[in-house]
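Down below is the structure, laid out as structure tokens.
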Amino acid sequence: MDRGQRVRLGDQLYGQIFDQIASGRLNVGDKLPSEHEICEQFGVSRPVVREALLRLRADGLVSAYQGLGTFVSHQPAPRLKTLGDVRNVSAYLRAQEVRMALEGDAARLAALRRTDEQLKKIVDADRAFAEGLAHGRVSAEADLAFHASIAEASGNDFYLAVLETIHESIQGFMRLSLNLTRTGSRQRAERVADEHAAILAAIREQDGERARVAMQFHLGQARHRLVDKERD
């Protein structure tokens with residue numbers, strides 16, 4: 001573990017355990033070592049171990065049972081490790097939590113405030129994304145353009161400004177997630193396209209609450225698709 005970034009030890013340990021799960025060294029149903037054993041194995045303190053395990057539980061990768069221990073409950077698609085660096089997955093998923101709150105409300109306001117010109121920009125961004133998805137060449141930039149156009153239509157510059165502060169983590173998440181979609185089943189790609197379409201429809205019809213729910217659902221599903229191969 002790199003102690004030069006003390007504040008990041010929990011994330012580093014998360015990444016190490018995530019790597020073991022993603023690579024198949026730990027499979028669904030396997031029991032993780034005890035907290036003490038993890039401390040010894042990685043040379044970290046018990047609070048660091050508890051932080052990492054808490055994050056893994058929050059992300060649905062492991063489940064803890066009183067008196068029994070912690071077990072792997074979900075596993076990412078095996079090809080995830082071939083598609084990019086998974087060491088920063090913890091930060092990517094934390095950014096996704098922020099996006100669910102922030103972009104959900106931005107979508108609500110976009111539905112209520114958008115102009116015809118802004119709606120056209122969202123429509124064009126969705127069309128470009130969907131076409132790329134259909135031809136297996138979708139990019140994080142196209143996905144970002146769709147989400148940014150919605151934040152812009154909210155009429156509040158702070159939404160875009162806050163998203164910019166976590167841009168690197170958002171882009172990292174999108175690259176991993178979209179690479180999984182590009183190399184996954186047709187049904188997976190169709191689900192992503194349908195989720196975008198639901199957001200767009202709510203904004204077009206100026207239904208703020210439906211737009212918020214559709215956006216939060218989409219971001220939550222994207223999060224689940226990254227960590228659970230059963231949703232491939």
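Residue numbering restarts at 1 in every chain; chains get A, B, ... in the order shown in the structure tokens, and ligands count up from 1 in that same order.
Using only C-alpha atoms, the contacts of A:Gln187 at a cut-off of 12 Å, with sequence neighbours closer than 5 positions omitted, comprise Leu133, Ala134, Thr181, Arg182, Val192, Ala193, Asp194, Arg231 and Asp232 of chain A.
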Which residues come within 12 Å of A:Gly43, counting only C-alpha atoms, excluding same-chain residues fewer than 2 positions away, as a list in words?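 In the requested form, the answer reads Met1, Asp2, Arg3, Leu9, Gln12, Leu13, Glu35, His36, Glu37, Ile38, Cys39, Glu40, Gln41, Ser45, Arg46, Val48 and Val49 of chain A.
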Tell me which protein, DNA and RNA residues are within 12 Å of A:Arg212, counting only C-alpha atoms, leaving out same-chain ones fewer than 6 positions away, and put them as a compact mmCIF listing (two decimals) with all heavy atoms, in the first residue's frame.
```txt
# COMPACT_ATOMS: atom_id res chain seq x y z
N ARG A 99 -23.40 12.16 -8.49
CA ARG A 99 -24.14 12.42 -9.72
C ARG A 99 -25.63 12.11 -9.56
O ARG A 99 -26.47 12.82 -10.12
CB ARG A 99 -23.57 11.57 -10.86
CG ARG A 99 -22.17 11.92 -11.29
CD ARG A 99 -21.73 11.04 -12.45
NE ARG A 99 -22.51 11.31 -13.65
CZ ARG A 99 -22.61 10.48 -14.67
NH1 ARG A 99 -22.01 9.30 -14.63
NH2 ARG A 99 -23.33 10.81 -15.73
N MET A 100 -25.96 11.06 -8.83
CA MET A 100 -27.37 10.69 -8.67
C MET A 100 -28.16 11.82 -8.03
O MET A 100 -29.29 12.13 -8.44
CB MET A 100 -27.50 9.40 -7.86
CG MET A 100 -27.08 8.16 -8.62
SD MET A 100 -27.18 6.65 -7.64
CE MET A 100 -28.96 6.50 -7.49
N ALA A 101 -27.57 12.45 -7.01
CA ALA A 101 -28.26 13.56 -6.35
C ALA A 101 -28.24 14.81 -7.24
O ALA A 101 -29.28 15.46 -7.45
CB ALA A 101 -27.59 13.85 -5.01
N LEU A 102 -27.08 15.12 -7.77
CA LEU A 102 -26.89 16.37 -8.51
C LEU A 102 -27.62 16.34 -9.86
O LEU A 102 -28.41 17.25 -10.18
CB LEU A 102 -25.40 16.60 -8.74
CG LEU A 102 -24.99 17.98 -9.21
CD1 LEU A 102 -25.08 18.98 -8.07
CD2 LEU A 102 -23.56 17.95 -9.75
N GLU A 103 -27.37 15.30 -10.64
CA GLU A 103 -27.95 15.26 -11.99
C GLU A 103 -29.44 14.95 -11.97
O GLU A 103 -30.17 15.32 -12.89
CB GLU A 103 -27.20 14.25 -12.86
CG GLU A 103 -25.77 14.66 -13.16
CD GLU A 103 -25.17 13.85 -14.29
OE1 GLU A 103 -25.80 13.76 -15.36
OE2 GLU A 103 -24.07 13.29 -14.08
N GLY A 104 -29.89 14.26 -10.92
CA GLY A 104 -31.33 14.04 -10.80
C GLY A 104 -32.06 15.36 -10.69
O GLY A 104 -33.06 15.59 -11.38
N ASP A 105 -31.56 16.25 -9.85
CA ASP A 105 -32.21 17.54 -9.69
C ASP A 105 -32.00 18.43 -10.92
O ASP A 105 -32.89 19.20 -11.28
CB ASP A 105 -31.70 18.24 -8.44
CG ASP A 105 -32.71 19.23 -7.88
OD1 ASP A 105 -33.89 18.85 -7.73
OD2 ASP A 105 -32.34 20.39 -7.63
N ALA A 106 -30.83 18.31 -11.54
CA ALA A 106 -30.58 19.09 -12.77
C ALA A 106 -31.57 18.68 -13.86
O ALA A 106 -32.08 19.53 -14.60
CB ALA A 106 -29.15 18.87 -13.25
N ALA A 107 -31.86 17.38 -13.95
CA ALA A 107 -32.83 16.91 -14.96
C ALA A 107 -34.22 17.44 -14.64
O ALA A 107 -34.97 17.82 -15.55
CB ALA A 107 -32.83 15.38 -14.99
N ARG A 108 -34.57 17.49 -13.36
CA ARG A 108 -35.88 18.03 -12.97
C ARG A 108 -36.00 19.49 -13.41
O ARG A 108 -37.02 19.89 -14.00
CB ARG A 108 -36.04 17.92 -11.45
CG ARG A 108 -37.36 18.49 -10.92
CD ARG A 108 -37.41 18.41 -9.40
NE ARG A 108 -36.43 19.30 -8.79
CZ ARG A 108 -36.62 20.59 -8.56
NH1 ARG A 108 -37.76 21.17 -8.93
NH2 ARG A 108 -35.68 21.31 -7.98
N LEU A 109 -34.97 20.28 -13.13
CA LEU A 109 -35.01 21.69 -13.50
C LEU A 109 -34.96 21.87 -15.01
O LEU A 109 -35.59 22.78 -15.56
CB LEU A 109 -33.85 22.43 -12.84
CG LEU A 109 -33.95 22.58 -11.31
CD1 LEU A 109 -32.70 23.26 -10.76
CD2 LEU A 109 -35.20 23.37 -10.91
N ALA A 110 -34.21 21.01 -15.69
CA ALA A 110 -34.13 21.10 -17.16
C ALA A 110 -35.51 20.89 -17.78
O ALA A 110 -35.89 21.57 -18.74
CB ALA A 110 -33.14 20.07 -17.70
N ALA A 111 -36.27 19.94 -17.22
CA ALA A 111 -37.61 19.69 -17.73
C ALA A 111 -38.51 20.92 -17.56
O ALA A 111 -39.34 21.22 -18.42
CB ALA A 111 -38.23 18.49 -17.02
N LEU A 112 -38.31 21.62 -16.46
CA LEU A 112 -39.17 22.77 -16.15
C LEU A 112 -38.72 24.05 -16.85
O LEU A 112 -39.54 24.93 -17.14
CB LEU A 112 -39.19 23.01 -14.63
CG LEU A 112 -39.74 21.86 -13.78
CD1 LEU A 112 -39.60 22.19 -12.30
CD2 LEU A 112 -41.20 21.57 -14.13
N ILE A 150 -28.02 18.43 -20.48
CA ILE A 150 -29.13 18.47 -19.53
C ILE A 150 -28.81 19.40 -18.37
O ILE A 150 -29.63 20.23 -17.95
CB ILE A 150 -29.45 17.05 -19.02
CG1 ILE A 150 -30.02 16.20 -20.16
CG2 ILE A 150 -30.43 17.10 -17.83
CD1 ILE A 150 -30.17 14.74 -19.83
N ALA A 151 -27.58 19.30 -17.84
CA ALA A 151 -27.17 20.18 -16.75
C ALA A 151 -27.22 21.64 -17.20
O ALA A 151 -27.64 22.53 -16.44
CB ALA A 151 -25.76 19.82 -16.28
N SER A 154 -30.63 23.18 -17.15
CA SER A 154 -31.22 23.43 -15.84
C SER A 154 -31.33 24.92 -15.53
O SER A 154 -32.09 25.34 -14.66
CB SER A 154 -30.39 22.75 -14.74
OG SER A 154 -29.15 23.44 -14.55
N ALA A 198 -35.83 7.64 -21.90
CA ALA A 198 -36.82 7.95 -20.86
C ALA A 198 -36.54 9.32 -20.24
O ALA A 198 -37.47 10.09 -19.95
CB ALA A 198 -36.81 6.87 -19.79
N ILE A 199 -35.26 9.63 -20.06
CA ILE A 199 -34.88 10.95 -19.53
C ILE A 199 -35.29 12.04 -20.51
O ILE A 199 -35.90 13.04 -20.15
CB ILE A 199 -33.36 11.01 -19.26
CG1 ILE A 199 -32.96 9.99 -18.19
CG2 ILE A 199 -32.96 12.42 -18.82
CD1 ILE A 199 -31.45 9.77 -18.12
N LEU A 200 -34.94 11.82 -21.77
CA LEU A 200 -35.26 12.80 -22.81
C LEU A 200 -36.76 13.02 -22.93
O LEU A 200 -37.23 14.16 -23.05
CB LEU A 200 -34.68 12.33 -24.15
CG LEU A 200 -35.05 13.16 -25.38
CD1 LEU A 200 -34.62 14.61 -25.21
CD2 LEU A 200 -34.41 12.56 -26.63
N ALA A 201 -37.54 11.95 -22.89
CA ALA A 201 -39.00 12.07 -23.03
C ALA A 201 -39.59 12.91 -21.90
O ALA A 201 -40.47 13.75 -22.14
CB ALA A 201 -39.63 10.68 -23.04
N ALA A 202 -39.10 12.70 -20.68
CA ALA A 202 -39.62 13.47 -19.54
C ALA A 202 -39.26 14.95 -19.67
O ALA A 202 -40.08 15.82 -19.34
CB ALA A 202 -39.07 12.89 -18.24
N ILE A 203 -38.06 15.22 -20.15
CA ILE A 203 -37.64 16.62 -20.34
C ILE A 203 -38.45 17.26 -21.46
O ILE A 203 -38.89 18.41 -21.35
CB ILE A 203 -36.13 16.70 -20.61
CG1 ILE A 203 -35.35 16.28 -19.35
CG2 ILE A 203 -35.73 18.12 -21.03
CD1 ILE A 203 -33.85 16.18 -19.56
N GLN A 206 -41.77 18.14 -20.26
CA GLN A 206 -41.68 19.09 -19.15
C GLN A 206 -42.25 18.53 -17.85
O GLN A 206 -42.90 19.23 -17.07
CB GLN A 206 -42.34 20.42 -19.52
CG GLN A 206 -41.64 21.11 -20.70
CD GLN A 206 -42.15 22.50 -20.98
OE1 GLN A 206 -43.28 22.66 -21.43
NE2 GLN A 206 -41.34 23.51 -20.70
N HIS A 218 -31.32 5.78 -14.14
CA HIS A 218 -30.27 5.52 -15.12
C HIS A 218 -28.89 5.45 -14.46
O HIS A 218 -28.12 4.51 -14.69
CB HIS A 218 -30.28 6.60 -16.19
CG HIS A 218 -29.07 6.61 -17.06
ND1 HIS A 218 -28.65 5.52 -17.80
CD2 HIS A 218 -28.15 7.60 -17.32
CE1 HIS A 218 -27.54 5.81 -18.47
NE2 HIS A 218 -27.22 7.08 -18.18
N LEU A 219 -28.58 6.42 -13.61
CA LEU A 219 -27.26 6.45 -12.97
C LEU A 219 -27.11 5.29 -11.98
O LEU A 219 -26.02 4.72 -11.85
CB LEU A 219 -27.05 7.79 -12.26
CG LEU A 219 -27.00 9.01 -13.19
CD1 LEU A 219 -26.93 10.30 -12.39
CD2 LEU A 219 -25.81 8.92 -14.15
```
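Minimum atom-to-atom distances from A:Ala222, A:Ala22, A:Ala52, A:Ala211 to A:His74 were compared using only C-alpha atoms, and the lowest value belongs to A:Ala22.
In this model, the gap between atom CA of A:Arg225 and atom CA of A:Lys120 comes to 29.1 Å.
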Any idea what's packed within 12 Å of A:Glu152, counting only C-alpha atoms, ignoring anything in its chain fewer than 3 positions away? Could you give it as a VMD selection string? chain A and resid 103 106 to 107 109 to 111 113 to 115 117 to 119 121 to 122 144 to 149 155 to 163
The selected residues should be written to file as a PDB file, in the first residue's frame (atoms: N, CA and C atoms).
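Output contents, as saved in part-v9.pdb:
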```
ATOM      1  N   GLU A 103     -27.373  15.297 -10.644  1.00  0.00           N
ATOM      2  CA  GLU A 103     -27.951  15.256 -11.987  1.00  0.00           C
ATOM      3  C   GLU A 103     -29.443  14.949 -11.968  1.00  0.00           C
ATOM      4  N   ALA A 106     -30.826  18.313 -11.542  1.00  0.00           N
ATOM      5  CA  ALA A 106     -30.581  19.085 -12.768  1.00  0.00           C
ATOM      6  C   ALA A 106     -31.574  18.678 -13.856  1.00  0.00           C
ATOM      7  N   ALA A 107     -31.860  17.384 -13.955  1.00  0.00           N
ATOM      8  CA  ALA A 107     -32.826  16.914 -14.958  1.00  0.00           C
ATOM      9  C   ALA A 107     -34.216  17.443 -14.640  1.00  0.00           C
ATOM     10  N   LEU A 109     -34.970  20.275 -13.125  1.00  0.00           N
ATOM     11  CA  LEU A 109     -35.011  21.691 -13.499  1.00  0.00           C
ATOM     12  C   LEU A 109     -34.956  21.870 -15.015  1.00  0.00           C
ATOM     13  N   ALA A 110     -34.205  21.010 -15.694  1.00  0.00           N
ATOM     14  CA  ALA A 110     -34.130  21.097 -17.155  1.00  0.00           C
ATOM     15  C   ALA A 110     -35.510  20.889 -17.778  1.00  0.00           C
ATOM     16  N   ALA A 111     -36.272  19.940 -17.215  1.00  0.00           N
ATOM     17  CA  ALA A 111     -37.614  19.694 -17.733  1.00  0.00           C
ATOM     18  C   ALA A 111     -38.509  20.916 -17.557  1.00  0.00           C
ATOM     19  N   ARG A 113     -37.412  24.167 -17.141  1.00  0.00           N
ATOM     20  CA  ARG A 113     -36.874  25.443 -17.603  1.00  0.00           C
ATOM     21  C   ARG A 113     -36.330  25.442 -19.031  1.00  0.00           C
ATOM     22  N   ARG A 114     -36.152  24.280 -19.621  1.00  0.00           N
ATOM     23  CA  ARG A 114     -35.437  24.209 -20.894  1.00  0.00           C
ATOM     24  C   ARG A 114     -36.132  25.033 -21.965  1.00  0.00           C
ATOM     25  N   THR A 115     -35.315  25.588 -22.839  1.00  0.00           N
ATOM     26  CA  THR A 115     -35.834  26.298 -24.010  1.00  0.00           C
ATOM     27  C   THR A 115     -35.898  25.306 -25.173  1.00  0.00           C
ATOM     28  N   GLU A 117     -34.339  25.585 -27.917  1.00  0.00           N
ATOM     29  CA  GLU A 117     -32.961  25.422 -28.393  1.00  0.00           C
ATOM     30  C   GLU A 117     -32.188  24.441 -27.519  1.00  0.00           C
ATOM     31  N   GLN A 118     -32.381  24.533 -26.220  1.00  0.00           N
ATOM     32  CA  GLN A 118     -31.702  23.602 -25.312  1.00  0.00           C
ATOM     33  C   GLN A 118     -32.230  22.189 -25.488  1.00  0.00           C
ATOM     34  N   LEU A 119     -33.529  22.054 -25.698  1.00  0.00           N
ATOM     35  CA  LEU A 119     -34.099  20.729 -25.946  1.00  0.00           C
ATOM     36  C   LEU A 119     -33.487  20.124 -27.195  1.00  0.00           C
ATOM     37  N   LYS A 121     -30.568  20.630 -28.380  1.00  0.00           N
ATOM     38  CA  LYS A 121     -29.200  20.227 -28.066  1.00  0.00           C
ATOM     39  C   LYS A 121     -29.186  18.883 -27.344  1.00  0.00           C
ATOM     40  N   ILE A 122     -30.139  18.686 -26.433  1.00  0.00           N
ATOM     41  CA  ILE A 122     -30.245  17.402 -25.722  1.00  0.00           C
ATOM     42  C   ILE A 122     -30.621  16.292 -26.700  1.00  0.00           C
ATOM     43  N   LEU A 144     -20.954  12.075 -22.047  1.00  0.00           N
ATOM     44  CA  LEU A 144     -20.778  13.316 -21.301  1.00  0.00           C
ATOM     45  C   LEU A 144     -21.554  14.465 -21.942  1.00  0.00           C
ATOM     46  N   ALA A 145     -21.565  14.512 -23.267  1.00  0.00           N
ATOM     47  CA  ALA A 145     -22.267  15.580 -23.976  1.00  0.00           C
ATOM     48  C   ALA A 145     -23.761  15.541 -23.673  1.00  0.00           C
ATOM     49  N   PHE A 146     -24.326  14.346 -23.609  1.00  0.00           N
ATOM     50  CA  PHE A 146     -25.749  14.199 -23.285  1.00  0.00           C
ATOM     51  C   PHE A 146     -26.034  14.721 -21.882  1.00  0.00           C
ATOM     52  N   HIS A 147     -25.230  14.277 -20.917  1.00  0.00           N
ATOM     53  CA  HIS A 147     -25.455  14.686 -19.526  1.00  0.00           C
ATOM     54  C   HIS A 147     -25.165  16.175 -19.320  1.00  0.00           C
ATOM     55  N   ALA A 148     -24.142  16.687 -19.992  1.00  0.00           N
ATOM     56  CA  ALA A 148     -23.800  18.110 -19.857  1.00  0.00           C
ATOM     57  C   ALA A 148     -24.890  18.998 -20.447  1.00  0.00           C
ATOM     58  N   SER A 149     -25.497  18.563 -21.548  1.00  0.00           N
ATOM     59  CA  SER A 149     -26.548  19.363 -22.175  1.00  0.00           C
ATOM     60  C   SER A 149     -27.767  19.473 -21.258  1.00  0.00           C
ATOM     61  N   GLY A 155     -30.522  25.729 -16.229  1.00  0.00           N
ATOM     62  CA  GLY A 155     -30.526  27.154 -15.999  1.00  0.00           C
ATOM     63  C   GLY A 155     -29.712  27.575 -14.793  1.00  0.00           C
ATOM     64  N   ASN A 156     -28.944  26.636 -14.247  1.00  0.00           N
ATOM     65  CA  ASN A 156     -28.115  26.936 -13.070  1.00  0.00           C
ATOM     66  C   ASN A 156     -26.687  26.493 -13.362  1.00  0.00           C
ATOM     67  N   ASP A 157     -25.783  27.448 -13.518  1.00  0.00           N
ATOM     68  CA  ASP A 157     -24.401  27.144 -13.896  1.00  0.00           C
ATOM     69  C   ASP A 157     -23.662  26.314 -12.855  1.00  0.00           C
ATOM     70  N   PHE A 158     -24.151  26.335 -11.615  1.00  0.00           N
ATOM     71  CA  PHE A 158     -23.452  25.604 -10.562  1.00  0.00           C
ATOM     72  C   PHE A 158     -23.489  24.096 -10.787  1.00  0.00           C
ATOM     73  N   TYR A 159     -24.529  23.587 -11.443  1.00  0.00           N
ATOM     74  CA  TYR A 159     -24.586  22.148 -11.713  1.00  0.00           C
ATOM     75  C   TYR A 159     -23.410  21.730 -12.591  1.00  0.00           C
ATOM     76  N   LEU A 160     -23.179  22.468 -13.661  1.00  0.00           N
ATOM     77  CA  LEU A 160     -22.045  22.168 -14.543  1.00  0.00           C
ATOM     78  C   LEU A 160     -20.724  22.366 -13.813  1.00  0.00           C
ATOM     79  N   ALA A 161     -20.641  23.393 -12.977  1.00  0.00           N
ATOM     80  CA  ALA A 161     -19.396  23.690 -12.267  1.00  0.00           C
ATOM     81  C   ALA A 161     -19.042  22.561 -11.301  1.00  0.00           C
ATOM     82  N   VAL A 162     -20.035  22.048 -10.577  1.00  0.00           N
ATOM     83  CA  VAL A 162     -19.773  20.951  -9.629  1.00  0.00           C
ATOM     84  C   VAL A 162     -19.390  19.685 -10.388  1.00  0.00           C
ATOM     85  N   LEU A 163     -20.081  19.399 -11.477  1.00  0.00           N
ATOM     86  CA  LEU A 163     -19.744  18.212 -12.272  1.00  0.00           C
ATOM     87  C   LEU A 163     -18.314  18.303 -12.808  1.00  0.00           C
TER      88      LEU A 163
END
```
Among the residues of stretch 3-225 of chain A, find those DSSP assigns to strand (DSSP E or B) from the backbone and print them as number ranges by chain. A: 31, 62-65, 69-72
Store the residues of this selection in a file with C-alpha atoms, as a PDB file, in the first residue's frame.
```pdb
ATOM      1  CA  LYS A  31     -15.410 -15.688   2.456  1.00  0.00           C
ATOM      2  CA  VAL A  62     -19.777  -8.103  -0.412  1.00  0.00           C
ATOM      3  CA  SER A  63     -22.241  -8.914   2.376  1.00  0.00           C
ATOM      4  CA  ALA A  64     -21.444  -9.207   6.089  1.00  0.00           C
ATOM      5  CA  TYR A  65     -23.130 -11.698   8.425  1.00  0.00           C
ATOM      6  CA  GLY A  69     -17.833 -12.998   8.383  1.00  0.00           C
ATOM      7  CA  THR A  70     -17.884 -11.155   5.068  1.00  0.00           C
ATOM      8  CA  PHE A  71     -18.652 -12.933   1.795  1.00  0.00           C
ATOM      9  CA  VAL A  72     -18.500 -11.977  -1.894  1.00  0.00           C
TER      10      VAL A  72
END
```
Interatomic distance between atom CA of A:Gln216 and atom CA of A:Val98?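 Straight-line distance from atom CA of A:Gln216 to atom CA of A:Val98 works out to 10.6 Å.
Separating atom CA of A:Ala130 from atom CA of A:Asn179 is a distance of 14.6 Å.
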If DSSP is run on the backbone, what residues of stretch 49-171 of chain A are helix (DSSP H, G or I)? A reply as a VMD selection string would be ideal. chain A and resid 49 to 58 80 to 83 89 to 113 116 to 134 140 to 153 157 to 165 167 to 171
Could you check which of A:Ala153, A:Thr165, A:Gln16, A:Met174 is closest to A:Glu141, using only C-alpha atoms?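 Nearest to A:Glu141: A:Met174.
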Write out as a PDB file with N, CA and C atoms, in the first residue's frame each polymer residue whose atoms come within 9 Å of stretch 56-59 of chain A, counting only C-alpha atoms; drop sequence neighbours fewer than 3 positions from it.
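Below you can see part08.pdb, which holds the result:
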```pdb
ATOM      1  N   TYR A  14      -9.585  -0.933  -1.065  1.00  0.00           N
ATOM      2  CA  TYR A  14     -10.790  -1.264  -1.827  1.00  0.00           C
ATOM      3  C   TYR A  14     -10.381  -1.792  -3.205  1.00  0.00           C
ATOM      4  N   ILE A  17      -8.918  -5.367  -3.099  1.00  0.00           N
ATOM      5  CA  ILE A  17      -9.923  -6.410  -2.911  1.00  0.00           C
ATOM      6  C   ILE A  17     -10.822  -6.509  -4.140  1.00  0.00           C
ATOM      7  N   PHE A  18     -11.194  -5.352  -4.711  1.00  0.00           N
ATOM      8  CA  PHE A  18     -11.992  -5.346  -5.940  1.00  0.00           C
ATOM      9  C   PHE A  18     -11.265  -6.124  -7.033  1.00  0.00           C
ATOM     10  N   GLU A  51     -13.130   0.779   6.609  1.00  0.00           N
ATOM     11  CA  GLU A  51     -13.568   1.746   5.599  1.00  0.00           C
ATOM     12  C   GLU A  51     -13.720   1.076   4.245  1.00  0.00           C
ATOM     13  N   ALA A  52     -12.719   0.271   3.857  1.00  0.00           N
ATOM     14  CA  ALA A  52     -12.764  -0.406   2.562  1.00  0.00           C
ATOM     15  C   ALA A  52     -13.917  -1.406   2.507  1.00  0.00           C
ATOM     16  N   LEU A  53     -14.113  -2.171   3.583  1.00  0.00           N
ATOM     17  CA  LEU A  53     -15.190  -3.160   3.610  1.00  0.00           C
ATOM     18  C   LEU A  53     -16.559  -2.491   3.583  1.00  0.00           C
ATOM     19  N   VAL A  62     -19.886  -7.151  -1.511  1.00  0.00           N
ATOM     20  CA  VAL A  62     -19.777  -8.103  -0.412  1.00  0.00           C
ATOM     21  C   VAL A  62     -20.944  -7.920   0.541  1.00  0.00           C
ATOM     22  N   SER A  63     -21.216  -8.969   1.336  1.00  0.00           N
ATOM     23  CA  SER A  63     -22.241  -8.914   2.376  1.00  0.00           C
ATOM     24  C   SER A  63     -21.629  -9.441   3.666  1.00  0.00           C
ATOM     25  N   ALA A  64     -21.978  -8.809   4.787  1.00  0.00           N
ATOM     26  CA  ALA A  64     -21.444  -9.207   6.089  1.00  0.00           C
ATOM     27  C   ALA A  64     -22.544  -9.885   6.905  1.00  0.00           C
ATOM     28  N   SER A  90     -13.342   2.658  -6.684  1.00  0.00           N
ATOM     29  CA  SER A  90     -13.993   3.225  -5.499  1.00  0.00           C
ATOM     30  C   SER A  90     -14.310   4.699  -5.700  1.00  0.00           C
ATOM     31  N   LEU A  93     -17.190   5.143  -8.207  1.00  0.00           N
ATOM     32  CA  LEU A  93     -18.507   4.856  -7.665  1.00  0.00           C
ATOM     33  C   LEU A  93     -18.950   5.923  -6.668  1.00  0.00           C
ATOM     34  N   ARG A 223     -24.394   2.125 -12.306  1.00  0.00           N
ATOM     35  CA  ARG A 223     -23.559   1.725 -11.168  1.00  0.00           C
ATOM     36  C   ARG A 223     -23.640   0.216 -10.936  1.00  0.00           C
ATOM     37  N   HIS A 224     -24.860  -0.310 -10.965  1.00  0.00           N
ATOM     38  CA  HIS A 224     -25.046  -1.749 -10.757  1.00  0.00           C
ATOM     39  C   HIS A 224     -24.429  -2.561 -11.896  1.00  0.00           C
ATOM     40  N   VAL A 227     -20.657  -3.321 -11.464  1.00  0.00           N
ATOM     41  CA  VAL A 227     -20.146  -4.234 -10.418  1.00  0.00           C
ATOM     42  C   VAL A 227     -20.803  -5.613 -10.420  1.00  0.00           C
TER      43      VAL A 227
END
```
